[in-house]
Number of protein chains: 2
Amino acid sequence: MVKKILVVGAGAIGGFYGALLAKAGADVAVVCRSDYDTVKLNGFTIHSQDLGTWRFAPAGVFRHASEFREEADCLLLCTKVIPNLDRAALIREAVSPKTAIVLIQNGVDIEREIQEAFPDNELISGLAFICCNRIGPGRLAHLAYGRLTLGSVNGPVSTKTRELNDLFGRAGIECLASADVVTERWKKCVWNAPFNPLSVLSGGLPTSAILASQEPFVRHIMEDVCRIAAALGHPLPERIVDNHIDSTRTMPAYKTSMLIDYEQGRPLETEAILGNALGAGRRAGVKTPYLESVYALMKLRELQRALS
Amino acid sequence: MVKKILVVGAGAIGGFYGALLAKAGADVAVVCRSDYDTVKLNGFTIHSQDLGTWRFAPAGVFRHASEFREEADCLLLCTKVIPNLDRAALIREAVSPKTAIVLIQNGVDIEREIQEAFPDNELISGLAFICCNRIGPGRLAHLAYGRLTLGSVNGPVSTKTRELNDLFGRAGIECLASADVVTERWKKCVWNAPFNPLSVLSGGLPTSAILASQEPFVRHIMEDVCRIAAALGHPLPERIVDNHIDSTRTMPAYKTSMLIDYEQGRPLETEAILGNALGAGRRAGVKTPYLESVYALMKLRELQRALS
């Protein structure tokens with residue numbers, strides 16, 4: 001039974017999902033860096049539009065994974081996926097043989113690094129569809145969505161995946177178990193690949209304006225991603241591009257997470273979302289000129305930011 | 001003999017080339033909007049690193065072409081090529097049957113509009129390689145270069161082209177007569193198409209940094225332009241991409257004109273440079289995904305600027 005859980009990278013996403021698991025009865029400790037002092041003292045306070053306001057007092061609050069002296073049933077890794085952050089090193093000292101590593105992170109092809117570092121551990125890959133922000137030290141605002149998709153990278157849905165699903169479900173959010181979570185990642189990438197970089201490169205346009213002005217371009221980028229996924233053996237549903245376009249059109253004007261990170265001067269997940277997709281496409285021999293273009297432009301933009 | 005000249009759009013470029021023609025003995029009047037009062041009173045002062053400092057007192061200074069009551073041998077049109085600026089309307093009242101219209105403007109495929117509006121007039125198309133800025137009302141700084149290429153759009157080098165060449169040469173700048181000025185425009189577009197938009201979209205990088213970081217992307221955009229030119233019957237020299245790359249690498253860190261316009265909140269020549277190239281490519285059935293991408297991103301950036 002999944003009982004003891006360690007969340008590494010307890011920012012907005014990690015703090016929120018950790019708080020849900022604790023609410024459902026699990027024993028949840030956290031590793032958090034920036035808000036350590038506040039969280040150690042007062043835990044997290046979650047303000048959720050759907051689930052109300054509550055306090056989450058973790059079973060343990062640590063600065064480093066090495067301080068965690070128990071054996072976790074599951075370790076939720078919730079950091080961003082950014083260059084120069086060695087995710088394996090970050091969690092190594094808290095991973096025991098029985099620990100299932102659960103990635104709740106953005107991007108595609110982000111499992112390999114962890115799989116290679118921990119070949120004997122169970123690895124669960126997760127995707128969060130959520131709008132949740134840190135509004136102060138230890139204070140999180142859950143604004144919308146929350147759905148989680150979990151699944152094993154290779155193989156059928158595991159017992160621990162099912163147990164995590166039950167816990168999240170009990171805490172009040174939808175959680176899907178997927179037998180093909182890698183395909184789910186590619187589906188999400190089809191949306192992220194245009195809207196995240198275009199929101200930054202345009203200088204701050206919301207998704208609605210991007211779509212209204214340059215729908216064909218958005219579609220081209222999406223189609224590049226679909227071709228990569230198909231070449232890798234993850235063919236996406238035929239209507240996925242249309243569906244993403246339609247659902248974006250009915251969404252309220254939405255500021256992407258990459259735009260928010262950019263505006264706040266934080267590192268961007270350009271590599272996890274675009275770089276990894278392109279790398280996979282290159283290895284598979286797929287031509288993706290539109291995706292290449294937005295990637296190159298993001299690299300220029302990041303270079304300029306680093307220089308200024 | 002070319003004697004009477006009217007410059008329409010006497011900003012930095014028009015003012016500078018008008019001043020050179022006057023220096024060489026021509027009778028040069030100007031239409032200028034923004035600095036009208038100063039120029040009417042004091043003319044232009046040109047500070048040139050190569051040619052020294054001198055004052056240019058135009059033979060006439062007008063707010064509108066309609067105020068020009070003479071017959072010009074040549075009308076130099078030196079405005080930017082931007083949407084919502086009807087270039088034909090701007091010059092119509094100053095064009096007599098004997099007037100040769102000389103475009104000293106950026107972009108590709110910019111002659112058609114004028115050719116259709118004035119089918120019976122001689123049309124000379126010109127390209128300026130120059131770094132010249134307005135540094136105050138009626139004050140121009142000529143910082144570098146200055147070379148001009150002139151030629152008839154269809155047909156051999158005309159008498160008036162030769163006479164203008166002589167005048168510019170006498171004033172101290174290199175002027176080439178080209179029997180294939182349209183091809184020259186495409187050559188220049190090969191450089192402009194990547195570096196102008198990338199300097200803006202990156203948030204302000206100079207050409208050197210763009211090239212050092214994303215040379216393959218720059219080359220892809222250049223190759224798209226080459227393919228369009230070739231499809232239109234203007235095949236470019238085989239080594240043009242390499243040559244542009246090499247010469248950019250040896251240039252000092254250079255801020256593109258589009259970046260300067262962007263920073264100063266002025267309209268951008270996105271349509272003249274990218275839009276016209278893409279339109280021509282589309283009509284010729286050429287696929288140009290990289291060029292399409294930078295164009296779409298420029299449109300988003302301009303939209304964002306218009307909204308903010």
# chains A, B, ... in the order shown; residues from 1 in each chain; ligands from 1
call {"tool": "residues_around", "arguments": {"residues": "Ile260 of chain B", "least_positions_apart": "6", "cutoff": "12 Å", "atoms": "only C-alpha atoms", "output": "PyMOL selection string"}}
result
chain B and resi 131-134+196-197+199-200+203-206+254+266-269
call {"tool": "select_by_dssp", "arguments": {"residues": "segment 63-233 of chain B", "states": "strand (DSSP E or B)", "output": "PyMOL selection string"}}
result
chain B and resi 74-77+100-104+123-136+139-152+175-177
call {"tool": "select_by_dssp", "arguments": {"residues": "segment 8-100 of chain B", "states": "helix (DSSP H, G or I)", "output": "PyMOL selection string"}}
result
chain B and resi 12-23+36-42+65-67+87-94
call {"tool": "closest_atom_pairs", "arguments": {"of": "chain B", "to": "chain A", "cutoff": "6 Å", "atoms": "only C-alpha atoms", "output": "tab-separated table"}}
result
residue	atom	partner	partner_atom	distance
B:Ser202	CA	A:Arg301	CA	4.3
B:Leu300	CA	A:Ser202	CA	5.1
B:Arg301	CA	A:Ser202	CA	4.3
